[in-house]
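J.: This is structure-v1.cif, which holds mmCIF, C-alpha atoms and all ligand atoms:
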```cif
data_work
loop_
_atom_site.group_PDB
_atom_site.id
_atom_site.type_symbol
_atom_site.label_atom_id
_atom_site.label_comp_id
_atom_site.auth_asym_id
_atom_site.auth_seq_id
_atom_site.Cartn_x
_atom_site.Cartn_y
_atom_site.Cartn_z
ATOM 1 C CA MET A 20 -120.967 42.955 7.925
ATOM 2 C CA SER A 21 -117.472 41.487 7.796
ATOM 3 C CA ASP A 22 -116.471 39.434 10.817
ATOM 4 C CA THR A 23 -114.580 41.254 13.573
ATOM 5 C CA LEU A 24 -111.490 39.760 15.177
ATOM 6 C CA LEU A 25 -112.441 39.410 18.848
ATOM 7 C CA TYR A 26 -109.378 37.578 20.129
ATOM 8 C CA GLU A 27 -106.053 36.379 18.822
ATOM 9 C CA GLY A 28 -104.503 33.529 20.779
ATOM 10 C CA LYS A 29 -101.377 31.498 20.308
ATOM 11 C CA ALA A 30 -102.911 28.971 17.909
ATOM 12 C CA LYS A 31 -106.239 30.435 16.790
ATOM 13 C CA GLN A 32 -108.107 33.630 15.985
ATOM 14 C CA VAL A 33 -111.697 34.098 17.099
ATOM 15 C CA PHE A 34 -114.105 36.175 14.994
ATOM 16 C CA SER A 35 -117.651 37.395 15.502
ATOM 17 C CA THR A 36 -120.300 36.349 12.963
ATOM 18 C CA SER A 37 -123.646 37.816 11.902
ATOM 19 C CA ASP A 38 -125.234 35.567 14.567
ATOM 20 C CA PRO A 39 -124.387 36.844 18.095
ATOM 21 C CA ASP A 40 -124.540 33.277 19.447
ATOM 22 C CA LEU A 41 -121.930 31.940 17.025
ATOM 23 C CA LEU A 42 -118.214 32.502 16.467
ATOM 24 C CA ARG A 43 -115.799 31.654 13.697
ATOM 25 C CA VAL A 44 -112.569 30.074 14.896
ATOM 26 C CA HIS A 45 -109.589 30.324 12.522
ATOM 27 C CA PHE A 46 -106.768 27.790 13.001
ATOM 28 C CA LYS A 47 -103.248 29.169 12.461
ATOM 29 C CA ASP A 48 -99.940 27.411 11.783
ATOM 30 C CA ASP A 49 -98.280 29.170 14.740
ATOM 31 C CA ALA A 50 -96.953 26.876 17.433
ATOM 32 C CA THR A 51 -95.805 27.749 20.942
ATOM 33 C CA ALA A 52 -94.577 25.697 23.881
ATOM 34 C CA PHE A 53 -93.437 26.258 27.465
ATOM 35 C CA ASN A 54 -95.952 29.064 28.014
ATOM 36 C CA GLY A 55 -94.928 30.927 24.860
ATOM 37 C CA GLU A 56 -91.134 30.715 25.415
ATOM 38 C CA LYS A 57 -90.645 28.529 22.348
ATOM 39 C CA ARG A 58 -92.236 29.721 19.107
ATOM 40 C CA GLY A 59 -92.410 28.433 15.561
ATOM 41 C CA THR A 60 -94.716 27.433 12.761
ATOM 42 C CA ILE A 61 -95.820 23.996 11.702
ATOM 43 C CA CYS A 62 -96.718 23.880 8.001
ATOM 44 C CA ASP A 63 -100.462 23.260 7.523
ATOM 45 C CA LYS A 64 -101.019 22.671 11.245
ATOM 46 C CA GLY A 65 -104.078 24.952 11.128
ATOM 47 C CA VAL A 66 -105.640 22.944 8.322
ATOM 48 C CA LEU A 67 -104.987 19.630 10.061
ATOM 49 C CA ASN A 68 -106.082 20.763 13.529
ATOM 50 C CA ASN A 69 -109.311 22.166 12.093
ATOM 51 C CA SER A 70 -110.081 18.866 10.351
ATOM 52 C CA ILE A 71 -108.971 16.700 13.276
ATOM 53 C CA SER A 72 -110.937 18.756 15.823
ATOM 54 C CA SER A 73 -114.038 18.836 13.614
ATOM 55 C CA PHE A 74 -113.790 15.068 13.251
ATOM 56 C CA PHE A 75 -113.471 14.489 17.021
ATOM 57 C CA PHE A 76 -116.289 16.917 17.889
ATOM 58 C CA GLN A 77 -118.631 15.116 15.468
ATOM 59 C CA LEU A 78 -117.610 11.741 16.857
ATOM 60 C CA LEU A 79 -118.272 12.952 20.407
ATOM 61 C CA GLU A 80 -121.633 14.489 19.473
ATOM 62 C CA SER A 81 -122.625 11.145 17.924
ATOM 63 C CA LYS A 82 -121.852 9.546 21.315
ATOM 64 C CA GLY A 83 -123.927 12.082 23.269
ATOM 65 C CA VAL A 84 -121.190 14.504 24.401
ATOM 66 C CA GLU A 85 -122.370 18.080 23.879
ATOM 67 C CA THR A 86 -119.826 20.356 22.201
ATOM 68 C CA HIS A 87 -119.603 23.865 20.734
ATOM 69 C CA PHE A 88 -119.162 22.473 17.207
ATOM 70 C CA VAL A 89 -121.629 23.707 14.578
ATOM 71 C CA LYS A 90 -119.797 22.991 11.318
ATOM 72 C CA GLN A 91 -116.488 23.072 9.526
ATOM 73 C CA LEU A 92 -116.635 26.118 7.216
ATOM 74 C CA ASN A 93 -113.489 25.571 5.144
ATOM 75 C CA ASP A 94 -109.964 24.213 5.548
ATOM 76 C CA ARG A 95 -109.001 26.574 8.396
ATOM 77 C CA ASP A 96 -112.294 27.811 9.873
ATOM 78 C CA MET A 97 -114.856 26.238 12.186
ATOM 79 C CA LEU A 98 -118.250 27.666 13.183
ATOM 80 C CA VAL A 99 -118.899 27.211 16.908
ATOM 81 C CA LYS A 100 -121.337 28.237 19.608
ATOM 82 C CA LYS A 101 -120.075 31.252 21.545
ATOM 83 C CA LEU A 102 -119.137 30.171 25.073
ATOM 84 C CA ALA A 103 -118.190 31.986 28.240
ATOM 85 C CA ILE A 104 -115.059 29.893 28.723
ATOM 86 C CA VAL A 105 -114.553 28.525 32.248
ATOM 87 C CA PRO A 106 -110.873 29.324 32.963
ATOM 88 C CA ILE A 107 -110.053 25.727 33.844
ATOM 89 C CA GLU A 108 -107.970 23.391 31.703
ATOM 90 C CA LEU A 109 -109.023 19.834 32.382
ATOM 91 C CA VAL A 110 -106.251 17.309 31.762
ATOM 92 C CA VAL A 111 -107.112 13.612 31.547
ATOM 93 C CA ARG A 112 -104.304 11.048 31.628
ATOM 94 C CA ASN A 113 -104.088 7.336 30.850
ATOM 95 C CA VAL A 114 -100.302 6.975 30.656
ATOM 96 C CA ALA A 115 -97.590 8.819 32.626
ATOM 97 C CA ALA A 116 -95.971 11.532 30.503
ATOM 98 C CA GLY A 117 -94.973 15.190 30.523
ATOM 99 C CA SER A 118 -95.490 17.138 33.716
ATOM 100 C CA LEU A 119 -97.064 14.192 35.590
ATOM 101 C CA ALA A 120 -94.067 11.927 34.967
ATOM 102 C CA LYS A 121 -91.765 14.759 36.051
ATOM 103 C CA ARG A 122 -93.757 15.610 39.201
ATOM 104 C CA PHE A 123 -93.670 12.062 40.583
ATOM 105 C CA GLY A 124 -90.368 10.946 39.053
ATOM 106 C CA TRP A 125 -92.163 8.338 36.947
ATOM 107 C CA GLU A 126 -90.846 6.960 33.713
ATOM 108 C CA GLU A 127 -92.770 8.190 30.679
ATOM 109 C CA GLY A 128 -94.901 5.459 29.148
ATOM 110 C CA VAL A 129 -96.038 3.666 32.320
ATOM 111 C CA GLU A 130 -99.766 2.946 32.044
ATOM 112 C CA LEU A 131 -101.606 4.477 34.999
ATOM 113 C CA PRO A 132 -103.571 1.965 37.122
ATOM 114 C CA SER A 133 -106.472 4.410 37.098
ATOM 115 C CA THR A 134 -107.313 7.473 35.028
ATOM 116 C CA VAL A 135 -105.881 10.724 36.419
ATOM 117 C CA VAL A 136 -107.900 13.927 36.119
ATOM 118 C CA GLU A 137 -106.268 17.296 36.837
ATOM 119 C CA LEU A 138 -107.456 20.894 36.901
ATOM 120 C CA TYR A 139 -105.238 23.792 35.833
ATOM 121 C CA TYR A 140 -106.105 27.476 36.193
ATOM 122 C CA LYS A 141 -106.118 28.903 32.651
ATOM 123 C CA SER A 142 -103.943 31.988 33.131
ATOM 124 C CA ASP A 143 -101.038 32.903 30.831
ATOM 125 C CA PRO A 144 -99.459 35.336 33.352
ATOM 126 C CA LEU A 145 -99.446 32.607 36.049
ATOM 127 C CA GLY A 146 -98.350 29.838 33.663
ATOM 128 C CA ASP A 147 -101.518 27.732 34.117
ATOM 129 C CA PRO A 148 -100.907 26.438 37.679
ATOM 130 C CA LEU A 149 -102.266 23.078 38.881
ATOM 131 C CA ILE A 150 -105.283 23.653 41.136
ATOM 132 C CA ASN A 151 -107.815 21.598 43.092
ATOM 133 C CA ARG A 152 -111.528 21.967 43.762
ATOM 134 C CA SER A 153 -111.018 24.204 46.803
ATOM 135 C CA HIS A 154 -108.834 26.527 44.721
ATOM 136 C CA VAL A 155 -111.629 26.655 42.129
ATOM 137 C CA ALA A 156 -114.048 27.704 44.874
ATOM 138 C CA ALA A 157 -111.659 30.293 46.318
ATOM 139 C CA LEU A 158 -110.935 31.693 42.858
ATOM 140 C CA GLY A 159 -114.688 31.772 42.180
ATOM 141 C CA ILE A 160 -114.202 30.498 38.630
ATOM 142 C CA ALA A 161 -116.769 27.670 38.673
ATOM 143 C CA THR A 162 -119.388 26.130 40.942
ATOM 144 C CA PRO A 163 -118.866 22.660 42.459
ATOM 145 C CA GLN A 164 -121.635 21.404 40.139
ATOM 146 C CA GLN A 165 -119.834 22.795 37.106
ATOM 147 C CA VAL A 166 -116.565 21.137 38.149
ATOM 148 C CA GLU A 167 -118.476 17.883 38.575
ATOM 149 C CA GLN A 168 -119.945 18.230 35.069
ATOM 150 C CA ILE A 169 -116.595 19.157 33.533
ATOM 151 C CA GLU A 170 -114.795 16.192 35.099
ATOM 152 C CA GLY A 171 -117.629 13.840 34.143
ATOM 153 C CA ALA A 172 -117.585 15.069 30.548
ATOM 154 C CA GLY A 173 -113.784 14.722 30.448
ATOM 155 C CA LEU A 174 -114.017 11.078 31.488
ATOM 156 C CA ARG A 175 -116.712 10.408 28.865
ATOM 157 C CA VAL A 176 -114.536 12.053 26.196
ATOM 158 C CA ASN A 177 -111.661 9.831 27.334
ATOM 159 C CA GLY A 178 -113.801 6.707 27.018
ATOM 160 C CA VAL A 179 -114.920 7.556 23.483
ATOM 161 C CA LEU A 180 -111.595 8.775 22.096
ATOM 162 C CA ARG A 181 -109.427 6.146 23.774
ATOM 163 C CA GLU A 182 -111.394 3.265 22.259
ATOM 164 C CA PHE A 183 -111.731 4.928 18.842
ATOM 165 C CA LEU A 184 -107.982 5.584 18.689
ATOM 166 C CA ARG A 185 -107.091 2.131 20.015
ATOM 167 C CA GLN A 186 -108.826 0.666 16.965
ATOM 168 C CA ARG A 187 -106.512 2.830 14.849
ATOM 169 C CA SER A 188 -103.333 1.749 16.624
ATOM 170 C CA VAL A 189 -102.993 5.014 18.520
ATOM 171 C CA VAL A 190 -102.569 5.242 22.316
ATOM 172 C CA LEU A 191 -104.355 8.217 23.844
ATOM 173 C CA VAL A 192 -101.760 9.128 26.480
ATOM 174 C CA ASP A 193 -103.303 12.355 27.782
ATOM 175 C CA PHE A 194 -105.166 15.454 26.636
ATOM 176 C CA LYS A 195 -106.441 18.876 27.661
ATOM 177 C CA LEU A 196 -110.027 20.086 27.348
ATOM 178 C CA GLU A 197 -111.748 23.436 27.825
ATOM 179 C CA PHE A 198 -115.400 23.994 28.597
ATOM 180 C CA GLY A 199 -117.708 26.992 28.615
ATOM 181 C CA VAL A 200 -121.268 28.083 29.233
ATOM 182 C CA PHE A 201 -123.561 28.671 26.219
ATOM 183 C CA LYS A 202 -125.579 31.724 27.250
ATOM 184 C CA LYS A 203 -128.655 30.730 25.231
ATOM 185 C CA ASP A 204 -129.444 27.685 27.376
ATOM 186 C CA GLY A 205 -126.910 27.901 30.238
ATOM 187 C CA LYS A 206 -125.446 24.486 29.366
ATOM 188 C CA ILE A 207 -121.790 23.616 29.851
ATOM 189 C CA LEU A 208 -120.371 22.559 26.487
ATOM 190 C CA LEU A 209 -117.001 21.193 25.428
ATOM 191 C CA GLY A 210 -115.139 23.923 23.536
ATOM 192 C CA ASP A 211 -111.775 24.849 22.034
ATOM 193 C CA GLU A 212 -110.032 22.065 20.061
ATOM 194 C CA ILE A 213 -108.984 18.425 20.255
ATOM 195 C CA SER A 214 -105.843 17.945 18.199
ATOM 196 C CA PRO A 215 -102.187 16.888 18.303
ATOM 197 C CA ASP A 216 -101.567 20.332 19.882
ATOM 198 C CA THR A 217 -103.673 19.411 22.906
ATOM 199 C CA CYS A 218 -103.338 15.612 23.124
ATOM 200 C CA ARG A 219 -100.493 13.125 23.343
ATOM 201 C CA PHE A 220 -100.898 10.416 20.726
ATOM 202 C CA TRP A 221 -98.415 7.523 20.549
ATOM 203 C CA ASP A 222 -98.246 4.895 17.848
ATOM 204 C CA ALA A 223 -99.402 1.667 19.563
ATOM 205 C CA GLU A 224 -96.828 -0.490 17.749
ATOM 206 C CA THR A 225 -93.703 1.658 17.700
ATOM 207 C CA GLY A 226 -94.367 4.124 20.535
ATOM 208 C CA ASP A 227 -93.586 6.983 18.129
ATOM 209 C CA LYS A 228 -94.935 10.342 19.218
ATOM 210 C CA LEU A 229 -97.572 11.699 16.827
ATOM 211 C CA ASP A 230 -98.203 15.054 18.513
ATOM 212 C CA LYS A 231 -96.816 18.409 19.585
ATOM 213 C CA ASP A 232 -94.084 16.798 21.702
ATOM 214 C CA ARG A 233 -92.189 16.463 18.394
ATOM 215 C CA PHE A 234 -92.121 20.289 18.296
ATOM 216 C CA ARG A 235 -91.590 20.797 22.060
ATOM 217 C CA ARG A 236 -88.657 18.365 22.155
ATOM 218 C CA ASP A 237 -87.175 19.125 18.691
ATOM 219 C CA LEU A 238 -87.722 15.553 17.508
ATOM 220 C CA GLY A 239 -88.315 16.482 13.841
ATOM 221 C CA GLY A 240 -91.076 15.088 11.620
ATOM 222 C CA VAL A 241 -93.681 17.369 13.186
ATOM 223 C CA GLU A 242 -95.798 17.907 10.061
ATOM 224 C CA ASP A 243 -95.680 14.196 9.195
ATOM 225 C CA ALA A 244 -96.921 13.290 12.687
ATOM 226 C CA TYR A 245 -99.970 15.567 12.407
ATOM 227 C CA GLN A 246 -100.670 14.207 8.900
ATOM 228 C CA GLU A 247 -100.405 10.638 10.206
ATOM 229 C CA ILE A 248 -103.006 11.269 12.905
ATOM 230 C CA TRP A 249 -105.400 12.687 10.312
ATOM 231 C CA ARG A 250 -104.801 9.639 8.068
ATOM 232 C CA ARG A 251 -105.544 7.278 10.968
ATOM 233 C CA LEU A 252 -108.784 9.086 11.818
ATOM 234 C CA LYS A 253 -109.927 8.790 8.220
ATOM 235 C CA GLY A 254 -109.217 5.060 8.416
ATOM 236 C CA GLU A 255 -106.187 5.270 6.143
ATOM 237 C CA CYS A 256 -104.067 3.555 8.757
ATOM 238 C CA ASN A 257 -101.302 1.507 7.226
ATOM 239 C CA ALA A 258 -101.327 -1.095 9.963
ATOM 240 C CA ASP A 259 -98.860 -3.364 8.096
ATOM 241 C CA ALA A 260 -96.230 -0.655 7.709
HETATM 242 P P1 LIG A 301 -104.751 30.689 23.838
HETATM 243 O O1 LIG A 301 -105.811 31.644 24.293
HETATM 244 O O2 LIG A 301 -104.402 29.704 24.932
HETATM 245 O O3 LIG A 301 -103.559 31.340 23.241
HETATM 246 P P2 LIG A 301 -105.884 29.795 21.255
HETATM 247 O O4 LIG A 301 -104.892 30.446 20.350
HETATM 248 O O5 LIG A 301 -106.280 28.408 20.972
HETATM 249 O O6 LIG A 301 -105.420 29.735 22.777
HETATM 250 O O7 LIG A 301 -107.132 30.760 21.285
HETATM 251 C C1 LIG A 301 -108.432 30.347 21.212
HETATM 252 C C2 LIG A 301 -109.207 30.950 22.367
HETATM 253 O O8 LIG A 301 -110.593 30.795 22.130
HETATM 254 C C3 LIG A 301 -108.902 30.266 23.688
HETATM 255 O O9 LIG A 301 -108.643 31.235 24.679
HETATM 256 C C4 LIG A 301 -110.170 29.477 24.011
HETATM 257 O O10 LIG A 301 -110.420 29.409 25.390
HETATM 258 C C5 LIG A 301 -111.229 30.294 23.292
HETATM 259 N N1 LIG A 301 -112.386 29.519 22.832
HETATM 260 C C6 LIG A 301 -112.409 28.265 22.351
HETATM 261 N N2 LIG A 301 -113.662 27.890 22.008
HETATM 262 C C7 LIG A 301 -114.455 28.935 22.279
HETATM 263 C C8 LIG A 301 -115.872 29.184 22.174
HETATM 264 N N3 LIG A 301 -116.684 28.253 21.682
HETATM 265 N N4 LIG A 301 -116.352 30.380 22.596
HETATM 266 C C9 LIG A 301 -115.521 31.324 23.097
HETATM 267 N N5 LIG A 301 -114.183 31.169 23.202
HETATM 268 C C10 LIG A 301 -113.655 29.991 22.808
HETATM 269 N N1 LIG A 302 -101.778 20.626 27.299
HETATM 270 C C1 LIG A 302 -102.328 21.590 26.480
HETATM 271 N N2 LIG A 302 -102.169 22.895 26.797
HETATM 272 C C2 LIG A 302 -101.472 23.303 27.891
HETATM 273 C C3 LIG A 302 -100.905 22.325 28.730
HETATM 274 C C4 LIG A 302 -101.069 20.989 28.413
HETATM 275 O O1 LIG A 302 -102.974 21.251 25.500
HETATM 276 O O2 LIG A 302 -101.387 24.521 28.124
HETATM 277 C C5 LIG A 302 -101.938 19.199 26.996
HETATM 278 C C6 LIG A 302 -100.649 18.537 26.516
HETATM 279 O O3 LIG A 302 -100.582 18.567 25.110
HETATM 280 C C7 LIG A 302 -100.787 17.127 27.029
HETATM 281 C C8 LIG A 302 -101.647 17.268 28.293
HETATM 282 O O4 LIG A 302 -102.293 18.529 28.196
HETATM 283 O O5 LIG A 302 -101.516 16.353 26.096
HETATM 284 C C9 LIG A 302 -100.845 17.192 29.580
HETATM 285 O O6 LIG A 302 -99.793 18.108 29.506
HETATM 286 P P1 LIG A 302 -98.658 18.201 30.628
HETATM 287 O O7 LIG A 302 -99.244 18.666 31.911
HETATM 288 O O8 LIG A 302 -97.886 16.939 30.682
HETATM 289 O O9 LIG A 302 -97.826 19.396 30.097
HETATM 290 P P2 LIG A 302 -96.430 19.648 29.443
HETATM 291 O O10 LIG A 302 -95.727 20.372 30.535
HETATM 292 O O11 LIG A 302 -95.792 18.386 29.059
HETATM 293 O O12 LIG A 302 -96.847 20.511 28.279
#
```
Have the structure of the file written as structure tokens, please.

T.:
Amino acid sequence: MSDTLLYEGKAKQVFSTSDPDLLRVHFKDDATAFNGEKRGTICDKGVLNNSISSFFFQLLESKGVETHFVKQLNDRDMLVKKLAIVPIELVVRNVAAGSLAKRFGWEEGVELPSTVVELYYKSDPLGDPLINRSHVAALGIATPQQVEQIEGAGLRVNGVLREFLRQRSVVLVDFKLEFGVFKKDGKILLGDEISPDTCRFWDAETGDKLDKDRFRRDLGGVEDAYQEIWRRLKGECNADA
């Protein structure tokens, strides 16, 4: 009756449970960047990302966004609804950074006049290429209605998280979401994780990066940044510091 490892990814392991509709997700300390070219570990990242993601999923559920979250089981494990993941990574952006800044030659940190929503094809061998709706149709990975739902949900997530974080002196620069279909009712739910691995968080006062860019760009203080985000979510923000 012990859980079976179904999948091991770069940051998490996915296990079966006694309920065929539910999975146990285990958060590891392993960190990768640049499509797996850079590897390392971030001490206690798994513990923090589990807590941070659980916190965000509960916040979103309370605001009417449907997610895969069932409950946090322990420090590194989360119980979730089993989804057929749509192989699209939805990126939502409020501020120019990362690949967007590079693509258009924009300076990082410029606030975007309107929210940018991008679709990437979730494929490790292809390096997650940027795609558009007609590519989605040609690839046959989602229906136009599903893309509509995914983009709509992404914008709602942005609205909720951006305001929540603003009140904690954190700028939500950009983030990546994954969605999937829950077989039991056919609904599209928000899945995967929402954490400093998958979002850019900048301190609103200092502009300090509080996310995985500290690892990607060898900035140091990676563990402290993840801890700081968790402290802010819990309302332990030291706004005077
Ligand atoms: P990667 O696959 O990119 O290396 P992870 O290490 O985070 O990423 O692995 C977790 C995997 O679990 C991802 O492929 C993700 O799409 C998948 N996943 C996340 N949530 C669910 C879910 N509720 N049901 C099924 N699969 C999920
Ligand atoms: N992101 C992610 N997984 C990916 C690619 C991007 O979680 O495989 C997140 C990343 O953390 C950032 C946002 O999506 O918050 C936009 O990333 P960008 O396209 O700028 O990618 P970069 O090339 O900088 O990783």

J.: Write out as a list in words the residues lying within 12 Å of Ile150 of chain A, counting all atoms listed in the file and excluding same-chain residues fewer than 5 positions away.

T.: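 The residues that qualify are Pro106, Ile107, Glu108, Leu109, Val110, Val136, Glu137, Leu138, Tyr139, Tyr140, Lys141, Ser142, Leu145, Val155, Ala156, Ala157, Leu158, Ile160 and Val166 of chain A.
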
J.: I need the residue nearest ligand LIG 302 (chain A) from this list: A:Leu42, A:Leu102, A:Cys218, A:Ala50. Use all atoms listed in the file for the distance.

T.: A:Cys218

J.: Within 9 Å of ligand LIG 302 (chain A) (counting only C-alpha atoms and all ligand atoms), which residues show up? I'd like them as a count of residues only.

T.: 41

J.: Once 5 Å is added on each side, what are the centre and the three edge lengths, in Å to one decimal, of the axis-aligned box enclosing the listed atoms of ligand LIG 301 (chain A)? Present them as lines of an AutoDock Vina configuration file.

T.:
```
center_x = -110.1
center_y = 29.8
center_z = 22.9
size_x = 23.1
size_y = 13.8
size_z = 15.0
```

J.: Please extract the residues at most 6 Å from ligand LIG 301 (chain A), counting all atoms listed in the file, and provide them as an MDAnalysis selection string, using the chain letters and residue numbers of this document.

T.: chainID A and resid 28:31 87 99:104 210:211

J.: List the residues matched by the PyMOL selection byres (((chain A and resi 65-72) around 8) and not hetatm) in the displayed structure as a list in words, ordered by chain and then by residue number.

T.: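 Selection result, ordered by chain and number: Ala30, His45, Phe46, Lys47, Asp48, Asp63, Lys64, Ser73, Phe74, Phe75, Phe76, Gln91, Asp94, Arg95, Asp96, Met97, Glu212, Ile213, Ser214, Pro215, Asp216, Tyr245, Gln246, Trp249 and Leu252 of chain A.
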
J.: What is the distance between atom CA of Glu197 of chain A and atom CA of Pro132 of chain A, in Å to one decimal?

T.: 24.8 Å

J.: Nearest to Leu209 of chain A: which of A:Ala223, A:Val189, A:Ala172, A:Val241 is it, counting only C-alpha atoms?

T.: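 With only C-alpha atoms as the atom set, the closest residue is A:Ala172.
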
J.: What does the structure give for the distance between atom CA of Thr86 of chain A and atom CA of Val200 of chain A, in Å to one decimal?

T.: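 We find that atom CA of Thr86 of chain A and atom CA of Val200 of chain A lie 10.5 Å from each other.
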
J.: As a list of chain:residue names, please: the residues near Ile207 of chain A (cut-off 9 Å, only C-alpha atoms, same-chain neighbours under 5 positions excluded).

T.: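 What passes the distance filter is A:Glu85, A:Thr86, A:Leu102, A:Gln165, A:Gln168, A:Ile169, A:Phe198, A:Gly199, A:Val200, A:Phe201.
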
J.: Neighbouring residues of Asp22 of chain A were defined as those with any atom within 9 Å, considering all atoms listed in the file; residues of the same chain fewer than 4 positions away were excluded. Please report them as a list of chain:residue names.

T.: A:Phe34, A:Ser35, A:Thr36, A:Ser37, A:Arg43

J.: Starting from the PyMOL selection byres (((chain A and resi 131) around 6) and not hetatm), expand the selection into actual residues of this file and give them as number ranges by chain.

T.: A: 113-114, 130, 132-133

J.: Grab the atom CA of Thr225 of chain A to atom CA of Gly128 of chain A distance for me, in Å with one decimal place.

T.: 12.1 Å

J.: Of the candidates A:Leu78, A:Val105, A:Leu229, A:Leu238, which shows the shortest atom-to-atom distance to Lys253 of chain A, using only C-alpha atoms?

T.: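 With only C-alpha atoms as the atom set, the closest residue is A:Leu78.
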